[in-house]
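Reproduced below: run.txt, with compact mmCIF, C-alpha atoms.
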```
# COMPACT_ATOMS: atom_id res chain seq x y z
CA MET O 1 116.50 92.11 119.85
CA LEU O 2 117.48 93.64 116.53
CA ASP O 3 116.28 97.20 116.01
CA ARG O 4 114.48 97.40 112.64
CA THR O 5 113.70 101.12 112.73
CA ARG O 6 116.97 102.72 113.86
CA LEU O 7 118.24 104.93 111.01
CA ASP O 8 121.91 105.33 111.92
CA ARG O 9 124.08 102.29 112.55
CA ALA O 10 127.67 101.79 113.57
CA PRO O 11 129.92 101.68 110.51
CA PRO O 12 130.98 98.12 109.62
CA SER O 13 134.36 96.90 108.49
CA THR O 14 135.79 98.70 105.45
CA PHE O 15 136.30 95.45 103.56
CA ALA O 16 133.07 93.72 102.59
CA ARG O 17 132.82 89.99 103.24
CA ALA O 18 132.70 87.69 100.22
CA ASN O 19 130.60 84.98 101.92
CA TRP O 20 127.03 86.24 101.71
CA PHE O 21 125.68 83.41 103.90
CA SER O 22 127.27 85.24 106.82
CA ASP O 23 124.74 88.06 106.29
CA LEU O 24 121.86 85.80 107.35
CA ARG O 25 120.79 84.22 110.61
CA LEU O 26 118.29 81.36 110.76
CA THR O 27 115.57 81.57 113.42
CA ARG O 28 112.34 79.65 114.01
CA HIS O 29 110.48 82.60 112.46
CA GLY O 30 112.57 82.59 109.29
CA LEU O 31 115.80 84.16 108.07
CA ILE O 32 117.03 87.43 109.55
CA VAL O 33 119.24 89.85 107.60
CA LYS O 34 121.75 90.74 110.33
CA LYS O 35 122.58 94.21 109.02
CA THR O 36 119.03 95.56 108.97
CA GLY O 37 117.14 93.15 111.20
CA ARG O 38 114.73 92.53 108.33
CA ARG O 39 112.97 89.19 108.52
CA ILE O 40 112.57 86.92 105.49
CA GLY O 41 109.66 84.61 106.22
CA LEU O 42 106.41 83.51 104.61
CA ALA O 43 104.95 86.97 105.21
CA GLU O 44 107.80 88.55 103.25
CA ILE O 45 108.30 85.93 100.52
CA THR O 46 105.86 83.21 99.52
CA PRO O 47 106.94 79.75 98.32
CA SER O 48 105.94 80.75 94.78
CA GLU O 49 108.07 83.89 94.95
CA PHE O 50 111.00 81.88 96.31
CA VAL O 51 110.81 79.45 93.37
CA LYS O 52 110.66 82.38 90.94
CA PHE O 53 113.73 83.91 92.59
CA CYS O 54 115.69 80.65 92.31
CA LEU O 55 114.86 80.39 88.60
CA TYR O 56 115.75 84.05 88.05
CA PHE O 57 119.00 83.56 89.98
CA ALA O 58 119.93 80.56 87.81
CA VAL O 59 119.22 82.42 84.57
CA VAL O 60 121.27 85.45 85.66
CA LEU O 61 124.18 83.17 86.59
CA MET O 62 124.11 81.46 83.19
CA LYS O 63 123.83 84.72 81.28
CA GLY O 64 126.60 86.23 83.37
CA LEU O 65 128.88 83.26 82.69
CA ALA O 66 128.23 83.61 78.96
CA VAL O 67 129.06 87.32 79.07
CA ARG O 68 132.34 86.73 80.94
CA MET O 69 133.37 84.07 78.45
CA THR O 70 132.47 86.00 75.29
CA ARG O 71 132.53 89.70 76.19
CA PRO O 72 134.54 90.27 79.39
CA SER O 73 134.43 93.93 80.38
CA GLY O 74 137.75 94.01 82.22
CA LEU O 75 136.18 96.36 84.79
CA THR O 76 136.06 95.83 88.56
CA VAL O 77 134.00 97.56 91.25
CA TRP O 78 134.74 97.75 94.96
CA PHE O 79 131.56 97.87 97.06
CA ALA O 80 131.75 99.16 100.62
CA PRO O 81 130.88 98.86 103.39
CA ASP O 82 128.82 95.91 102.08
CA ARG O 83 128.82 93.78 98.96
CA PRO O 84 125.45 93.34 97.20
CA ARG O 85 124.13 89.81 97.54
CA PRO O 86 122.08 87.88 94.96
CA TRP O 87 118.77 89.22 96.24
CA TYR O 88 119.79 92.78 95.34
CA ILE O 89 119.30 93.99 91.75
CA LEU O 90 122.80 95.47 91.80
CA TRP O 91 124.19 91.93 91.99
CA SER O 92 122.28 91.10 88.81
CA ALA O 93 123.63 94.25 87.15
CA MET O 94 127.21 93.26 88.00
CA THR O 95 126.75 89.67 86.84
CA LEU O 96 124.92 90.48 83.60
CA SER O 97 127.36 93.19 82.57
CA GLY O 98 130.42 91.00 83.06
CA ILE O 99 131.92 93.35 85.65
CA ARG O 100 133.82 91.73 88.51
CA PHE O 101 133.73 92.40 92.24
CA ALA O 102 136.99 93.82 93.57
CA ARG O 103 138.21 92.56 96.94
CA THR O 104 140.10 95.77 97.77
CA PRO O 105 139.99 99.36 96.52
CA ALA O 106 143.52 98.93 95.19
CA SER O 107 142.28 96.34 92.67
CA ALA O 108 139.19 98.32 91.60
CA ASP O 109 138.42 100.70 88.75
CA VAL O 110 135.40 102.22 90.54
CA ALA O 111 134.08 102.36 94.11
CA PHE O 112 130.40 102.05 95.00
CA TYR O 113 128.79 103.02 98.29
CA PHE O 114 126.42 100.17 99.13
CA GLU O 115 124.72 99.91 102.52
CA ASP O 116 121.18 98.73 103.17
CA THR O 117 120.38 101.46 105.69
CA THR O 118 118.30 104.62 105.55
CA GLN O 119 121.14 106.89 106.59
CA GLY O 120 124.85 106.20 106.51
CA VAL O 121 128.36 107.50 105.96
CA PRO O 122 130.31 106.28 102.91
CA PRO O 123 133.74 104.85 103.75
CA PRO O 124 136.83 106.47 102.17
CA ALA O 125 137.48 105.37 98.58
CA GLY O 126 140.89 106.89 97.97
CA ASN O 127 141.25 108.30 94.46
CA LEU O 128 138.43 106.20 93.03
CA VAL O 129 135.16 107.68 91.82
CA GLN O 130 132.60 106.47 94.38
CA LEU O 131 129.09 106.07 93.02
CA ASN O 132 126.04 106.73 95.23
CA SER O 133 128.32 108.27 97.86
CA ALA O 134 126.43 111.57 97.85
CA CYS O 135 123.14 109.77 98.52
CA ASN O 136 123.41 109.02 102.24
CA ASP O 137 119.88 109.85 103.42
CA ILE O 138 116.76 108.28 101.90
CA SER O 139 114.42 108.82 104.84
CA LYS O 140 110.81 109.50 103.89
CA SER O 141 111.04 113.11 105.10
CA ARG O 142 114.19 113.76 103.05
CA VAL O 143 112.59 112.24 99.93
CA ALA O 144 109.41 114.29 100.41
CA ASP O 145 111.34 117.54 100.97
CA VAL O 146 113.46 117.07 97.84
CA PHE O 147 110.38 116.13 95.84
CA ALA O 148 108.56 119.28 96.94
CA ASP O 149 111.54 121.44 95.95
CA VAL O 150 111.75 119.82 92.51
CA ALA O 151 108.05 119.37 91.72
CA GLY O 152 106.70 122.55 93.26
CA TYR O 153 103.92 120.74 95.16
CA ALA O 154 104.02 118.94 98.49
CA LEU O 155 103.88 115.31 99.50
CA ARG O 156 104.73 115.77 103.18
CA LEU O 157 102.18 117.14 105.66
CA ASP O 158 101.88 118.07 109.31
CA PRO O 159 99.45 115.59 110.94
CA ARG O 160 98.65 118.10 113.69
CA THR O 161 97.17 120.65 111.28
CA HIS O 162 96.02 118.51 108.33
CA HIS O 163 92.35 117.53 108.23
CA GLY O 164 91.34 114.27 106.58
CA PRO O 165 93.07 111.03 105.63
CA ALA O 166 96.85 110.77 105.42
CA VAL O 167 99.48 108.06 105.07
CA GLU O 168 101.65 107.19 108.06
CA LYS O 169 104.83 105.20 107.41
CA SER O 170 108.21 104.63 108.99
CA GLU O 171 111.06 106.97 108.12
CA ALA O 172 113.26 103.88 107.72
CA ASN O 173 113.52 102.18 104.36
CA GLY O 174 111.97 98.85 103.43
CA LEU O 175 109.59 98.25 106.36
CA HIS O 176 106.35 98.25 104.29
CA ASP O 177 104.31 99.42 107.29
CA GLY O 178 102.29 102.19 105.67
CA ARG O 179 98.74 102.76 106.86
CA ILE O 180 96.00 105.33 106.43
CA VAL O 181 95.28 107.52 109.46
CA THR O 182 92.79 110.30 110.10
CA CYS O 183 94.18 113.73 110.89
CA PRO O 184 94.57 115.85 112.90
CA CYS O 185 96.58 113.57 115.16
CA ASP O 186 99.81 113.63 117.13
CA PRO O 187 102.83 112.39 115.15
CA ALA O 188 104.37 109.13 116.30
CA ALA O 189 108.10 108.87 116.85
CA GLY O 190 110.02 107.67 113.79
CA LYS O 191 107.04 108.15 111.48
CA ALA O 192 106.56 110.30 108.38
CA TYR O 193 103.21 111.67 107.25
CA GLN O 194 102.21 112.19 103.63
CA HIS O 195 99.20 113.13 101.57
CA LEU O 196 97.14 110.12 100.56
CA VAL O 197 97.90 109.65 96.88
CA ASP O 198 95.11 107.52 95.44
CA SER O 199 96.82 105.73 92.57
CA SER O 200 93.96 103.30 92.03
CA ASP O 201 91.06 103.02 89.61
CA GLY O 202 88.84 102.10 92.55
CA THR O 203 89.74 98.42 92.39
CA THR O 204 93.41 98.15 91.44
CA ALA O 205 96.29 100.25 92.78
CA PHE O 206 99.19 101.08 90.44
CA ASP O 207 102.81 101.69 91.47
CA TYR O 208 105.49 102.74 88.97
CA ARG O 209 108.84 101.30 90.09
CA THR O 210 111.25 103.43 88.06
CA THR O 211 114.90 102.40 87.74
CA ILE O 212 117.56 105.12 87.89
CA ILE O 213 121.01 104.42 86.44
CA GLY O 214 123.51 107.24 86.02
CA ARG O 215 121.04 109.73 87.56
CA VAL O 216 118.65 109.17 84.65
CA PRO O 217 115.39 107.13 84.58
CA ARG O 218 115.75 104.06 82.34
CA PHE O 219 112.55 101.99 82.45
CA VAL O 220 109.44 101.36 84.54
CA LEU O 221 108.01 98.26 86.17
CA VAL O 222 104.27 98.75 86.55
CA LYS O 223 103.13 96.95 89.70
CA THR O 224 99.50 96.28 90.58
CA LYS O 225 97.79 95.10 93.75
CA PRO O 226 94.27 95.39 95.23
CA ALA O 227 93.41 98.97 96.17
CA GLY O 228 92.45 97.79 99.64
CA ASP O 229 95.89 96.26 100.12
CA ARG O 230 97.99 99.00 98.53
CA PHE O 231 100.73 98.89 101.18
CA SER O 232 101.42 95.17 100.77
CA MET O 233 104.84 94.08 99.53
CA HIS O 234 103.24 91.38 97.36
CA ASN O 235 102.09 92.27 93.83
CA ASP O 236 99.30 90.86 91.70
CA THR O 237 101.08 91.72 88.43
CA VAL O 238 104.35 93.31 87.34
CA ALA O 239 105.05 94.39 83.75
CA PHE O 240 107.94 96.12 81.99
CA ARG O 241 107.14 99.46 80.30
CA GLU O 242 109.22 101.96 78.39
CA LEU O 243 109.36 105.38 80.03
CA PRO O 244 107.28 107.35 77.48
CA ASP O 245 104.47 104.77 77.76
CA VAL O 246 103.95 105.83 81.38
CA PHE O 247 105.31 109.38 81.84
CA SER O 248 105.04 112.58 79.82
CA ARG O 249 108.10 114.63 78.86
CA PRO O 250 107.63 117.16 81.72
CA GLU O 251 107.23 114.27 84.16
CA LEU O 252 110.43 112.60 82.92
CA ASP O 253 112.21 115.93 83.37
CA LEU O 254 110.88 116.11 86.95
CA ILE O 255 112.10 112.56 87.69
CA THR O 256 115.52 113.32 86.20
CA ARG O 257 115.88 116.52 88.24
CA PHE O 258 114.87 114.64 91.38
CA ALA O 259 117.46 111.93 90.70
CA GLY O 260 120.12 114.58 90.16
CA THR O 261 119.23 116.46 93.34
CA MET O 262 119.30 113.25 95.37
CA ALA O 263 122.59 112.25 93.64
CA LEU O 264 121.18 108.86 92.64
CA ASP O 265 123.71 107.02 90.51
CA TRP O 266 121.73 103.85 91.15
CA ALA O 267 118.25 103.59 92.66
CA ALA O 268 114.67 102.50 92.17
CA LEU O 269 111.93 105.07 92.75
CA ASP O 270 108.39 104.28 93.81
CA ILE O 271 106.15 106.71 91.93
CA LEU O 272 102.38 107.08 92.27
CA ARG O 273 99.96 108.94 90.00
CA ASP O 274 97.03 110.57 91.79
CA SER O 275 93.83 109.47 90.08
CA SER O 276 92.10 112.82 90.73
CA SER O 277 94.75 115.38 89.81
CA GLY O 278 96.83 113.26 87.42
CA ARG O 279 100.01 114.42 89.18
CA ILE O 280 102.86 112.06 89.91
CA TYR O 281 104.47 111.77 93.36
CA ILE O 282 107.85 110.21 94.14
CA VAL O 283 107.14 108.57 97.48
CA ASP O 284 110.16 106.35 98.08
CA VAL O 285 113.80 105.89 97.10
CA ASN O 286 115.42 102.44 97.16
CA LYS O 287 119.17 102.52 96.56
CA THR O 288 119.59 98.88 97.61
CA ASP O 289 116.53 97.60 95.75
CA THR O 290 115.40 93.99 95.62
CA GLY O 291 112.85 92.86 93.03
CA PRO O 292 110.23 92.90 91.78
CA ALA O 293 111.97 91.50 88.69
CA VAL O 294 111.17 87.94 89.81
CA ASP O 295 107.44 88.62 89.29
CA LEU O 296 107.88 89.53 85.62
CA SER O 297 107.09 87.32 82.66
CA TRP O 298 110.16 85.71 81.09
CA HIS O 299 109.90 88.09 78.14
CA ASP O 300 109.87 91.14 80.39
CA ARG O 301 112.67 89.73 82.56
CA SER O 302 114.82 89.50 79.45
CA ARG O 303 114.09 93.16 78.67
CA VAL O 304 114.98 94.19 82.22
CA MET O 305 118.23 92.20 82.13
CA HIS O 306 119.24 93.79 78.84
CA ALA O 307 118.45 97.34 79.99
CA ILE O 308 120.19 96.95 83.34
CA SER O 309 123.35 95.40 81.93
CA ARG O 310 123.69 98.00 79.15
CA HIS O 311 123.15 101.12 81.25
CA PHE O 312 125.05 99.84 84.27
CA HIS O 313 128.07 98.95 82.14
CA ALA O 314 127.98 102.41 80.55
CA MET O 315 127.89 104.07 83.96
CA ILE O 316 130.78 102.01 85.36
CA ALA O 317 132.86 102.55 82.22
CA GLY O 318 132.26 106.29 82.50
CA ALA O 319 133.21 106.32 86.17
CA ALA O 320 136.38 104.36 85.44
CA ARG O 321 137.42 106.96 82.84
CA PRO O 322 136.16 110.31 84.22
CA ASP O 323 138.83 112.18 82.26
CA VAL O 324 137.11 111.04 79.07
CA THR O 325 133.48 111.34 80.13
CA ALA O 326 133.86 114.43 82.38
CA THR O 327 131.62 113.05 85.14
CA ALA O 328 131.03 109.59 86.55
CA PRO O 329 127.52 108.98 85.19
CA GLN O 330 128.03 110.88 81.90
CA ALA O 331 128.36 107.74 79.76
CA ALA O 332 125.09 106.43 81.13
CA ARG O 333 123.39 109.76 80.48
CA ASN O 334 124.52 109.63 76.88
CA ALA O 335 122.83 106.23 76.52
CA ARG O 336 119.43 107.85 76.97
CA GLU O 337 116.43 105.92 75.70
CA PRO O 338 114.58 107.32 72.63
CA MET O 339 111.68 109.56 73.59
CA ARG O 340 108.16 109.39 72.20
CA THR O 341 105.44 111.96 72.68
CA GLY O 342 102.34 111.23 74.71
CA TYR O 343 101.81 108.49 77.27
CA VAL O 344 99.32 105.73 77.81
CA ILE O 345 98.60 103.95 81.07
CA GLU O 346 97.86 100.30 80.44
CA THR O 347 96.62 97.69 82.88
CA PRO O 348 99.42 95.09 82.93
CA ARG O 349 98.54 91.58 81.91
CA LYS O 350 98.45 88.82 84.50
CA VAL O 351 101.88 87.23 84.88
```
Translate the structure described by the file into structure tokens.
Amino acid sequence: MLDRTRLDRAPPSTFARANWFSDLRLTRHGLIVKKTGRRIGLAEITPSEFVKFCLYFAVVLMKGLAVRMTRPSGLTVWFAPDRPRPWYILWSAMTLSGIRFARTPASADVAFYFEDTTQGVPPPAGNLVQLNSACNDISKSRVADVFADVAGYALRLDPRTHHGPAVEKSEANGLHDGRIVTCPCDPAAGKAYQHLVDSSDGTTAFDYRTTIIGRVPRFVLVKTKPAGDRFSMHNDTVAFRELPDVFSRPELDLITRFAGTMALDWAALDILRDSSSGRIYIVDVNKTDTGPAVDLSWHDRSRVMHAISRHFHAMIAGAARPDVTATAPQAARNAREPMRTGYVIETPRKV
């Protein structure tokens, strides 16, 4: 049986396979992603979500073809140990920006450490700049410890001494198995324990999926779901928001410092705002993120595609010419979005 919670895995072949169908195994319970053991069935993706993904996939392919024909970038990226497949947002970023996948490091301008595991070891990249290589641990405890250092207030707790409700979730990434427990209690193996951040208005829970490109936050997808089902992977609504519409200037500085400390050249952060204190908490890091772009309206999808392609291209161009830009993500940092004062939290429309 595949182990879905083991953090460290044996390093795969240095050269990523081009045939992404080989990553999947069909069972009577649905598709299994061989690398992680993650199941893709009706519990993980509904028929409606699958149709939305197919439409999104087709649009990205067409837009990517148009970009390659009219504005080819001439840049190539070597991903290792794995190549992002169409269900990863990084694949969309590559396609929309007109950047090509390199088959070997010798034919690449930039290397990118890509592995859908919680902990891992980047393979050697020779003389290439290797993006995301310094981010090799996104366990819940590591995220909480870095957040506490940057924010100055804690997310992590000791379930043996804490009194009251807490959130228990797996240290491993992408399992969506969070649940509320009552403390004090004995910690379970492989579990992390965090303060219960109530990001709801009593009825609806809000989650701010914040995209990091070049170690800088770029935009926010505001996700909603019923407060009683806050740990579900399925959303009621998803809407695109500019950063200053959701976060204040000090909060954006906190997010940027967190991304820098975690060395996140590419990632999506799950951020919650506590309804009582008003504080934000970075509760999860996804450096191999999938969705929720498929749940957006077509207008918002277009905005996401534009933002991703522009900032990703700037980051790769900067990494390919570090002698000009000084550091790999510098070009992306220079493409910072305009800032506006104040912030307003809006309930996203139904999409």
Q.
Report as a PyMOL selection string all protein, DNA and RNA residues lying within 9 Å of Ile138 (chain O), evaluated on all atoms listed in the file, omitting residues in the same chain fewer than 3 positions from it.
A. chain O and resi 117-119+135+141-143+171-173+262+284-287
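Closest approach to Ser92 (chain O) among O:Tyr113, O:Leu264, O:Thr290, O:Ala317: O:Thr290, based on all atoms listed in the file.
Between CA of Ala125 (chain O) and CA of Lys140 (chain O) lies a distance of 27.5 Å.
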Where does region 89-191 of chain O meet region 71-75 of chain O within 9 Å, residue by residue, with the nearest atom pair and distance in Å to one decimal for each, counting only C-alpha atoms, listed by chain and rising number, as a Markdown table?
```
| residue | atom | partner | partner_atom | distance |
| --- | --- | --- | --- | --- |
| O:Ser97 | CA | O:Ser73 | CA | 7.4 |
| O:Gly98 | CA | O:Pro72 | CA | 5.6 |
| O:Ile99 | CA | O:Leu75 | CA | 5.3 |
| O:Arg100 | CA | O:Leu75 | CA | 6.4 |
| O:Phe101 | CA | O:Leu75 | CA | 8.8 |
| O:Ala108 | CA | O:Leu75 | CA | 7.7 |
| O:Asp109 | CA | O:Leu75 | CA | 6.3 |
| O:Val110 | CA | O:Leu75 | CA | 8.2 |
```
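Atom pair CA of Lys52 (chain O) / CA of Asp295 (chain O): separated by 7.2 Å.
Taking CA of Ala267 (chain O) and CA of Thr210 (chain O) as endpoints, the distance between them is 8.4 Å.
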Q) Which residues, written as a ChimeraX atom specification, have at least one atom at most 12 Å from Gly152 (chain O), with only C-alpha atoms counted and residues fewer than 3 positions away on the same chain left out? A) /O:144-149,155,254,258,279-281
Give me the residues near Cys185 (chain O) as a PDB file with C-alpha atoms, in the coordinates of the input, where near means some atom within 10 Å (using all atoms listed in the file) and where sequence neighbours in that chain fewer than 5 positions away do not count.
```
ATOM      1  CA  ASP O 158     101.880 118.070 109.310  1.00  0.00           C
ATOM      2  CA  PRO O 159      99.450 115.590 110.940  1.00  0.00           C
ATOM      3  CA  ARG O 160      98.650 118.100 113.690  1.00  0.00           C
ATOM      4  CA  THR O 161      97.170 120.650 111.280  1.00  0.00           C
ATOM      5  CA  HIS O 162      96.020 118.510 108.330  1.00  0.00           C
ATOM      6  CA  HIS O 163      92.350 117.530 108.230  1.00  0.00           C
TER       7      HIS O 163
END
```
Q: Compare O:Met69, O:Pro81, O:Thr76, O:Pro124 by their minimum atom-to-atom distance to Ser107 (chain O), counting only C-alpha atoms, and give me the closest one.
A: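 Distance minimum relative to Ser107 (chain O) lands on O:Thr76.
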Q: Measuring atom to atom with all atoms listed in the file, identify which of O:Gly228, O:Gly174, O:Pro86, O:Gly164 is nearest to Phe53 (chain O).
A: O:Pro86
Q: Name all residues at most 7 Å from Leu131 (chain O) (count all atoms listed in the file; drop same-chain ones fewer than 5 positions away) and give them as a PyMOL selection string.
A: chain O and resi 111-113+265
**Q.** Nearest residue to Glu242 (chain O) from the set O:Ala307, O:Ala80, O:Ala102, O:Ile89 (distances using only C-alpha atoms)
**A.** O:Ala307
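A cut-off of 6 Å from the point (115.9, 110.0, 85.0), with all atoms listed in the file, picks out the residues O:Ile212, O:Arg215, O:Val216, O:Pro217, O:Ile255, O:Thr256.
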Q: Would you please work out which residue, of O:Ser199, O:Ser297, O:Ser276, O:Thr288, is nearest to Asp82 (chain O) when using all atoms listed in the file?
A: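 Checking each candidate against Asp82 (chain O), we get O:Thr288 as the closest.
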Q.
Under the rule that all atoms listed in the file are counted, which of O:Ala319, O:Val167, O:Ala192, O:Leu55 is the nearest residue to Phe231 (chain O)?
A. O:Val167
